[in-house]
Amino acid sequence: MKLGVFTVLFSEMPFEEMLDHVKSLGIETVEIGTGGYPGTAHCDPAELLADESKMKAFKKAVDDRELTISSLSCHGNALTPDKDFAEACHNTLLNTIRLAQKLGVSTVTTFSGTPGAYEGAKQPSWPVAAWPNEYGEMLKWQWEEKLIPYWKELAQFAEKHDVKIALELHGGFLVHSPATLLKLRTACGEAIGANLDPSHLWWQGIDPVAAIKILGKENAIHFFHAKDTYIDQENVNMHGLLDMQSYANMQDRAWYFRSVGYGHDVKTWADIISALRLVGYDGAISIEHEDGLMSIDEGFQKAINTLQQVLIKEPAPDMWWV
């Protein structure tokens with residue numbers, strides 16, 4: 001496993017300055033945003049695809065620092081009824097896949113997306129209740145008419161470019177749990193897998209270790225985000241886990257994101273890393289920092305310190321004692 005970072009954390013830094021900074025802190029691999037919600041501060045795929053010299057300089061900057069690129073990430077919503085944003089997300093995803101192939105990057109990370117409740121809707125709709133029955137009917141329509149057709153085509157495109165698509169299991173999008181990921185993977189093929197981020201599993205009441213074992217049996221974990229969540233049970237009793245308050249309202253929210261080790265203890269993170277090793281995942285452990293109680297640098301360093309205690313880097317030995 002390699003310790004990594006999702007570099008949108010340092011979007012205000014120039015690209016090479018950012019690489020020097022994370023390298024100095026012990027990072028081995030970088031996940032780089034290529035558009036959508038993460039923006040293009042460090043990488044614009046259309047620009048690099050149009051200019052081979054720029055692409056070579058981009059890759060050389062990474063190689064010269066003995067870093068690798070773990071993933072290109074274009075989290076967006078290509079299924080939204082907002083046609084302009086949907087088209088932009090779709091085109092960015094296609095270009096990101098093309099660029100990943102040219103750079104020798106095996107994984108592209110994004111969201112599954114969420115369409116509207118019906119054809120002609122103005123906003124995305126994420127149904128989270130089985131009754132009244134119209135919610136189930138809405139969900140069925142979204143999957144059969146929008147989600148599966150879109151990702152069948154994208155999975156084929158990714159396979160042709162030797163790239164895997166890691167869908168982040170994130171609330172608000174149709175693929176947000178092991179079950180929904182496996183349902184889409186069954187329909188669309190093995191190019192589709194999970195970007196497993198424990199922070200979004202905890203607030204849904206899902207045990208990340210159990211999720212890793214479920215998805216690992218299907219070889220369906222393509223990427224991993226290292227981010228923590230603190231659950232305030234007193235506030236859960238008031239608002240429930242589907243708390244819609246702003247993330248900025250931290251004193252009253254049912255849960256909020258934390259730097260690794262500040263929502264769950266080191267033993268919990270050791271169990272997560274061990275479960276990843278158990279199911280054969282040996283890729284990046286990519287730090288994503290969204291902790292409202294810590295500065296970027298302090299939260300990032302705290303995450304590094306926690307993960308360095310539990311990360312498994314060397315190959316497993318033959319069991320000499322067996």
# chains A, B, ... in the order shown; residues from 1 in each chain; ligands from 1
call {"tool": "residues_around", "arguments": {"residues": "A:Ala78", "least_positions_apart": "6", "cutoff": "12 Å", "atoms": "only C-alpha atoms", "output": "CSV table (one decimal) with N, CA and C atoms, in the first residue's frame"}}
result
chain,number,residue,atom,x,y,z
A,36,GLY,N,-15.1,18.7,-12.7
A,36,GLY,CA,-16.3,18.5,-11.9
A,36,GLY,C,-16.2,19.3,-10.6
A,37,TYR,N,-16.7,18.7,-9.5
A,37,TYR,CA,-16.6,19.4,-8.2
A,37,TYR,C,-15.2,19.6,-7.8
A,84,ASP,N,-26.5,21.6,-18.8
A,84,ASP,CA,-25.1,22.1,-19.0
A,84,ASP,C,-24.1,21.4,-18.1
A,85,PHE,N,-24.5,21.3,-16.8
A,85,PHE,CA,-23.5,20.7,-15.9
A,85,PHE,C,-23.4,19.2,-16.2
A,86,ALA,N,-24.5,18.5,-16.6
A,86,ALA,CA,-24.4,17.1,-17.0
A,86,ALA,C,-23.4,16.9,-18.2
A,87,GLU,N,-23.6,17.7,-19.2
A,87,GLU,CA,-22.7,17.6,-20.4
A,87,GLU,C,-21.3,17.9,-20.0
A,88,ALA,N,-21.0,18.9,-19.2
A,88,ALA,CA,-19.7,19.2,-18.8
A,88,ALA,C,-19.1,18.0,-18.0
A,89,CYS,N,-19.8,17.4,-17.1
A,89,CYS,CA,-19.3,16.3,-16.3
A,89,CYS,C,-19.1,15.1,-17.2
A,90,HIS,N,-19.9,14.9,-18.1
A,90,HIS,CA,-19.8,13.7,-19.1
A,90,HIS,C,-18.5,13.9,-19.9
A,91,ASN,N,-18.3,15.1,-20.5
A,91,ASN,CA,-17.1,15.3,-21.3
A,91,ASN,C,-15.9,15.3,-20.5
A,92,THR,N,-15.9,15.8,-19.3
A,92,THR,CA,-14.7,15.7,-18.4
A,92,THR,C,-14.4,14.3,-18.1
A,93,LEU,N,-15.4,13.5,-17.8
A,93,LEU,CA,-15.1,12.1,-17.6
A,93,LEU,C,-14.5,11.3,-18.7
A,94,LEU,N,-15.0,11.6,-19.9
A,94,LEU,CA,-14.4,11.0,-21.1
A,94,LEU,C,-13.0,11.4,-21.3
A,110,THR,N,-15.0,8.9,-9.5
A,110,THR,CA,-16.1,9.8,-9.7
A,110,THR,C,-17.3,9.4,-8.9
A,111,PHE,N,-18.4,10.1,-9.1
A,111,PHE,CA,-19.7,9.7,-8.5
A,111,PHE,C,-20.6,9.0,-9.5
A,112,SER,N,-21.5,8.2,-9.1
A,112,SER,CA,-22.4,7.6,-10.0
A,112,SER,C,-23.4,8.5,-10.6
A,113,GLY,N,-23.7,9.6,-9.9
A,113,GLY,CA,-24.7,10.6,-10.3
A,113,GLY,C,-26.1,10.3,-9.8
A,114,THR,N,-26.9,11.3,-9.9
A,114,THR,CA,-28.3,11.2,-9.6
A,114,THR,C,-29.2,12.0,-10.5
A,115,PRO,N,-30.1,11.3,-11.2
A,115,PRO,CA,-31.0,12.0,-12.1
A,115,PRO,C,-32.2,12.7,-11.4
A,116,GLY,N,-33.1,13.3,-12.1
A,116,GLY,CA,-34.3,13.8,-11.5
A,116,GLY,C,-35.3,12.7,-11.2
A,124,PRO,N,-31.9,17.1,-9.3
A,124,PRO,CA,-31.8,15.7,-9.0
A,124,PRO,C,-32.6,15.3,-7.8
A,146,LYS,N,-32.0,5.6,-16.6
A,146,LYS,CA,-30.9,6.6,-16.6
A,146,LYS,C,-29.5,5.9,-16.1
A,147,LEU,N,-29.5,5.4,-14.9
A,147,LEU,CA,-28.2,5.0,-14.3
A,147,LEU,C,-27.6,3.8,-15.1
A,150,TYR,N,-26.5,4.6,-18.8
A,150,TYR,CA,-25.3,5.5,-18.9
A,150,TYR,C,-24.0,4.7,-18.5
A,151,TRP,N,-24.0,4.0,-17.4
A,151,TRP,CA,-22.8,3.4,-17.0
A,151,TRP,C,-22.4,2.1,-17.8
A,154,LEU,N,-20.4,3.8,-20.4
A,154,LEU,CA,-19.1,4.3,-19.9
A,154,LEU,C,-18.2,3.2,-19.5
A,173,PHE,N,-26.1,10.3,-4.0
A,173,PHE,CA,-26.0,9.7,-5.3
A,173,PHE,C,-26.6,8.2,-5.3
call {"tool": "closest_atom_pairs", "arguments": {"of": "stretch 104-128 of chain A", "to": "stretch 236-258 of chain A", "cutoff": "12 Å", "atoms": "only C-alpha atoms", "output": "CSV"}}
result
residue,atom,partner,partner_atom,distance
A:Trp126,CA,A:Leu242,CA,11.8
A:Pro127,CA,A:Leu242,CA,11.9
A:Val128,CA,A:Leu242,CA,9.3
call {"tool": "write_last_selection", "arguments": {"atoms": "N, CA and C atoms", "output": "mmCIF file, in the first residue's frame"}}
result
data_model
loop_
_atom_site.group_PDB
_atom_site.id
_atom_site.type_symbol
_atom_site.label_atom_id
_atom_site.label_comp_id
_atom_site.auth_asym_id
_atom_site.auth_seq_id
_atom_site.Cartn_x
_atom_site.Cartn_y
_atom_site.Cartn_z
ATOM 1 N N TRP A 126 -32.925 12.164 -4.768
ATOM 2 C CA TRP A 126 -32.320 10.980 -4.144
ATOM 3 C C TRP A 126 -33.338 10.344 -3.204
ATOM 4 N N PRO A 127 -34.096 9.340 -3.665
ATOM 5 C CA PRO A 127 -35.096 8.726 -2.795
ATOM 6 C C PRO A 127 -34.438 7.859 -1.720
ATOM 7 N N VAL A 128 -34.896 8.029 -0.482
ATOM 8 C CA VAL A 128 -34.287 7.287 0.634
ATOM 9 C C VAL A 128 -35.333 6.581 1.488
#
call {"tool": "closest_residue", "arguments": {"among": "A:Asp271, A:Asp291, A:Glu145, A:Asp282", "to": "A:Tyr230", "atoms": "only C-alpha atoms"}}
result
A:Asp291
call {"tool": "select_by_dssp", "arguments": {"residues": "stretch 175-299 of chain A", "states": "alpha helix (DSSP H)", "output": "ChimeraX atom specification"}}
result
/A:178-188,198-202,208-216,233-239,266-278,296-299
call {"tool": "write_last_selection", "arguments": {"atoms": "N, CA and C atoms", "output": "compact mmCIF listing (two decimals), in the first residue's frame"}}
result
# COMPACT_ATOMS: atom_id res chain seq x y z
N PRO A 178 -22.58 -0.76 -0.44
CA PRO A 178 -22.11 -1.96 -1.14
C PRO A 178 -23.17 -2.58 -2.05
N ALA A 179 -24.41 -2.61 -1.60
CA ALA A 179 -25.47 -3.23 -2.40
C ALA A 179 -25.70 -2.49 -3.70
N THR A 180 -25.75 -1.16 -3.65
CA THR A 180 -26.01 -0.40 -4.87
C THR A 180 -24.82 -0.46 -5.83
N LEU A 181 -23.60 -0.50 -5.26
CA LEU A 181 -22.41 -0.65 -6.11
C LEU A 181 -22.43 -1.99 -6.83
N LEU A 182 -22.70 -3.06 -6.10
CA LEU A 182 -22.68 -4.40 -6.70
C LEU A 182 -23.82 -4.56 -7.71
N LYS A 183 -24.96 -3.93 -7.45
CA LYS A 183 -26.08 -3.98 -8.40
C LYS A 183 -25.67 -3.34 -9.73
N LEU A 184 -25.02 -2.19 -9.67
CA LEU A 184 -24.60 -1.53 -10.90
C LEU A 184 -23.48 -2.31 -11.59
N ARG A 185 -22.56 -2.84 -10.81
CA ARG A 185 -21.44 -3.62 -11.36
C ARG A 185 -21.97 -4.86 -12.10
N THR A 186 -22.97 -5.53 -11.52
CA THR A 186 -23.57 -6.70 -12.16
C THR A 186 -24.19 -6.32 -13.50
N ALA A 187 -24.81 -5.15 -13.55
CA ALA A 187 -25.48 -4.72 -14.77
C ALA A 187 -24.51 -4.20 -15.83
N CYS A 188 -23.37 -3.66 -15.39
CA CYS A 188 -22.52 -2.91 -16.32
C CYS A 188 -21.13 -3.49 -16.53
N PRO A 198 -14.56 5.36 4.10
CA PRO A 198 -15.26 5.02 5.35
C PRO A 198 -16.11 6.15 5.90
N SER A 199 -15.72 7.39 5.65
CA SER A 199 -16.45 8.51 6.25
C SER A 199 -17.91 8.53 5.83
N HIS A 200 -18.20 8.12 4.60
CA HIS A 200 -19.58 8.13 4.11
C HIS A 200 -20.32 6.85 4.50
N LEU A 201 -19.59 5.82 4.87
CA LEU A 201 -20.24 4.59 5.34
C LEU A 201 -20.68 4.74 6.79
N TRP A 202 -19.81 5.33 7.62
CA TRP A 202 -20.15 5.46 9.05
C TRP A 202 -21.46 6.20 9.24
N PRO A 208 -17.35 -0.08 7.96
CA PRO A 208 -16.42 -0.13 6.82
C PRO A 208 -15.70 -1.47 6.67
N VAL A 209 -15.34 -2.11 7.78
CA VAL A 209 -14.65 -3.40 7.69
C VAL A 209 -15.55 -4.43 7.02
N ALA A 210 -16.81 -4.45 7.43
CA ALA A 210 -17.76 -5.38 6.80
C ALA A 210 -17.95 -5.05 5.32
N ALA A 211 -18.02 -3.75 5.00
CA ALA A 211 -18.18 -3.34 3.60
C ALA A 211 -16.98 -3.78 2.77
N ILE A 212 -15.79 -3.64 3.32
CA ILE A 212 -14.58 -4.07 2.62
C ILE A 212 -14.62 -5.56 2.33
N LYS A 213 -15.07 -6.35 3.29
CA LYS A 213 -15.15 -7.80 3.09
C LYS A 213 -16.20 -8.15 2.04
N ILE A 214 -17.34 -7.47 2.07
CA ILE A 214 -18.40 -7.72 1.09
C ILE A 214 -17.91 -7.41 -0.32
N LEU A 215 -17.35 -6.23 -0.50
CA LEU A 215 -16.90 -5.82 -1.83
C LEU A 215 -15.63 -6.54 -2.25
N GLY A 216 -14.76 -6.84 -1.27
CA GLY A 216 -13.52 -7.53 -1.58
C GLY A 216 -13.74 -8.92 -2.14
N GLN A 233 -24.00 11.33 19.06
CA GLN A 233 -25.23 10.60 19.30
C GLN A 233 -26.34 11.48 19.85
N GLU A 234 -25.99 12.45 20.69
CA GLU A 234 -27.01 13.35 21.22
C GLU A 234 -27.70 14.11 20.09
N ASN A 235 -26.93 14.56 19.12
CA ASN A 235 -27.51 15.27 17.98
C ASN A 235 -28.21 14.32 17.00
N VAL A 236 -27.72 13.07 16.93
CA VAL A 236 -28.43 12.07 16.13
C VAL A 236 -29.84 11.87 16.68
N ASN A 237 -29.95 11.84 18.00
CA ASN A 237 -31.27 11.67 18.62
C ASN A 237 -32.23 12.80 18.24
N MET A 238 -31.69 13.96 17.99
CA MET A 238 -32.51 15.10 17.59
C MET A 238 -32.79 15.10 16.09
N HIS A 239 -31.76 14.92 15.27
CA HIS A 239 -31.87 15.16 13.83
C HIS A 239 -31.85 13.90 12.97
N VAL A 266 -7.21 4.61 16.49
CA VAL A 266 -6.18 3.96 15.67
C VAL A 266 -6.49 2.49 15.46
N LYS A 267 -7.03 1.82 16.47
CA LYS A 267 -7.37 0.39 16.33
C LYS A 267 -8.41 0.20 15.22
N THR A 268 -9.39 1.07 15.15
CA THR A 268 -10.39 0.98 14.10
C THR A 268 -9.75 1.12 12.73
N TRP A 269 -8.84 2.09 12.60
CA TRP A 269 -8.16 2.27 11.32
C TRP A 269 -7.21 1.12 11.01
N ALA A 270 -6.62 0.51 12.03
CA ALA A 270 -5.79 -0.68 11.81
C ALA A 270 -6.65 -1.83 11.28
N ASP A 271 -7.85 -1.95 11.81
CA ASP A 271 -8.76 -3.00 11.34
C ASP A 271 -9.16 -2.77 9.88
N ILE A 272 -9.37 -1.51 9.52
CA ILE A 272 -9.73 -1.18 8.13
C ILE A 272 -8.59 -1.52 7.18
N ILE A 273 -7.38 -1.10 7.54
CA ILE A 273 -6.21 -1.39 6.68
C ILE A 273 -5.98 -2.89 6.58
N SER A 274 -6.15 -3.60 7.68
CA SER A 274 -5.97 -5.06 7.67
C SER A 274 -7.02 -5.74 6.80
N ALA A 275 -8.27 -5.23 6.85
CA ALA A 275 -9.32 -5.80 6.01
C ALA A 275 -9.00 -5.58 4.53
N LEU A 276 -8.46 -4.41 4.20
CA LEU A 276 -8.06 -4.16 2.81
C LEU A 276 -6.99 -5.15 2.37
N ARG A 277 -6.01 -5.38 3.22
CA ARG A 277 -4.96 -6.37 2.89
C ARG A 277 -5.57 -7.76 2.76
N LEU A 278 -6.51 -8.09 3.64
CA LEU A 278 -7.14 -9.42 3.64
C LEU A 278 -7.82 -9.72 2.31
N ILE A 296 -5.83 23.11 7.09
CA ILE A 296 -5.46 22.12 6.08
C ILE A 296 -4.17 21.40 6.46
N ASP A 297 -3.12 22.15 6.79
CA ASP A 297 -1.83 21.52 7.07
C ASP A 297 -1.87 20.68 8.33
N GLU A 298 -2.51 21.19 9.39
CA GLU A 298 -2.53 20.41 10.63
C GLU A 298 -3.37 19.14 10.47
N GLY A 299 -4.55 19.27 9.84
CA GLY A 299 -5.39 18.10 9.65
C GLY A 299 -4.72 17.06 8.76
call {"tool": "atom_distance", "arguments": {"atom1": "atom CA of A:Ala100", "atom2": "atom CA of A:Lys164"}}
result
9.8 Å
call {"tool": "closest_residue", "arguments": {"among": "A:Lys2, A:Lys83, A:His75, A:Lys56", "to": "A:Lys102", "atoms": "only C-alpha atoms"}}
result
A:Lys56
call {"tool": "select_by_dssp", "arguments": {"residues": "stretch 37-219 of chain A", "states": "strand (DSSP E)", "output": "VMD selection string"}}
result
chain A and resid 68 to 73 107 to 110 164 to 168 192 to 196
call {"tool": "residues_around", "arguments": {"residues": "stretch 132-134 of chain A", "least_positions_apart": "6", "cutoff": "12 Å", "atoms": "only C-alpha atoms", "output": "PDB file with N, CA and C atoms, in the first residue's frame"}}
result
ATOM      1  N   ALA A 117     -36.459  13.027 -10.700  1.00  0.00           N
ATOM      2  CA  ALA A 117     -37.473  12.042 -10.338  1.00  0.00           C
ATOM      3  C   ALA A 117     -38.238  11.527 -11.556  1.00  0.00           C
ATOM      4  N   TYR A 118     -38.178  12.275 -12.666  1.00  0.00           N
ATOM      5  CA  TYR A 118     -38.929  11.929 -13.866  1.00  0.00           C
ATOM      6  C   TYR A 118     -38.339  12.713 -15.036  1.00  0.00           C
ATOM      7  N   LYS A 140     -36.855   2.976  -9.294  1.00  0.00           N
ATOM      8  CA  LYS A 140     -36.822   1.985 -10.375  1.00  0.00           C
ATOM      9  C   LYS A 140     -36.608   2.676 -11.718  1.00  0.00           C
ATOM     10  N   TRP A 141     -37.320   3.760 -11.964  1.00  0.00           N
ATOM     11  CA  TRP A 141     -37.179   4.507 -13.213  1.00  0.00           C
ATOM     12  C   TRP A 141     -35.768   5.077 -13.343  1.00  0.00           C
TER      13      TRP A 141
END
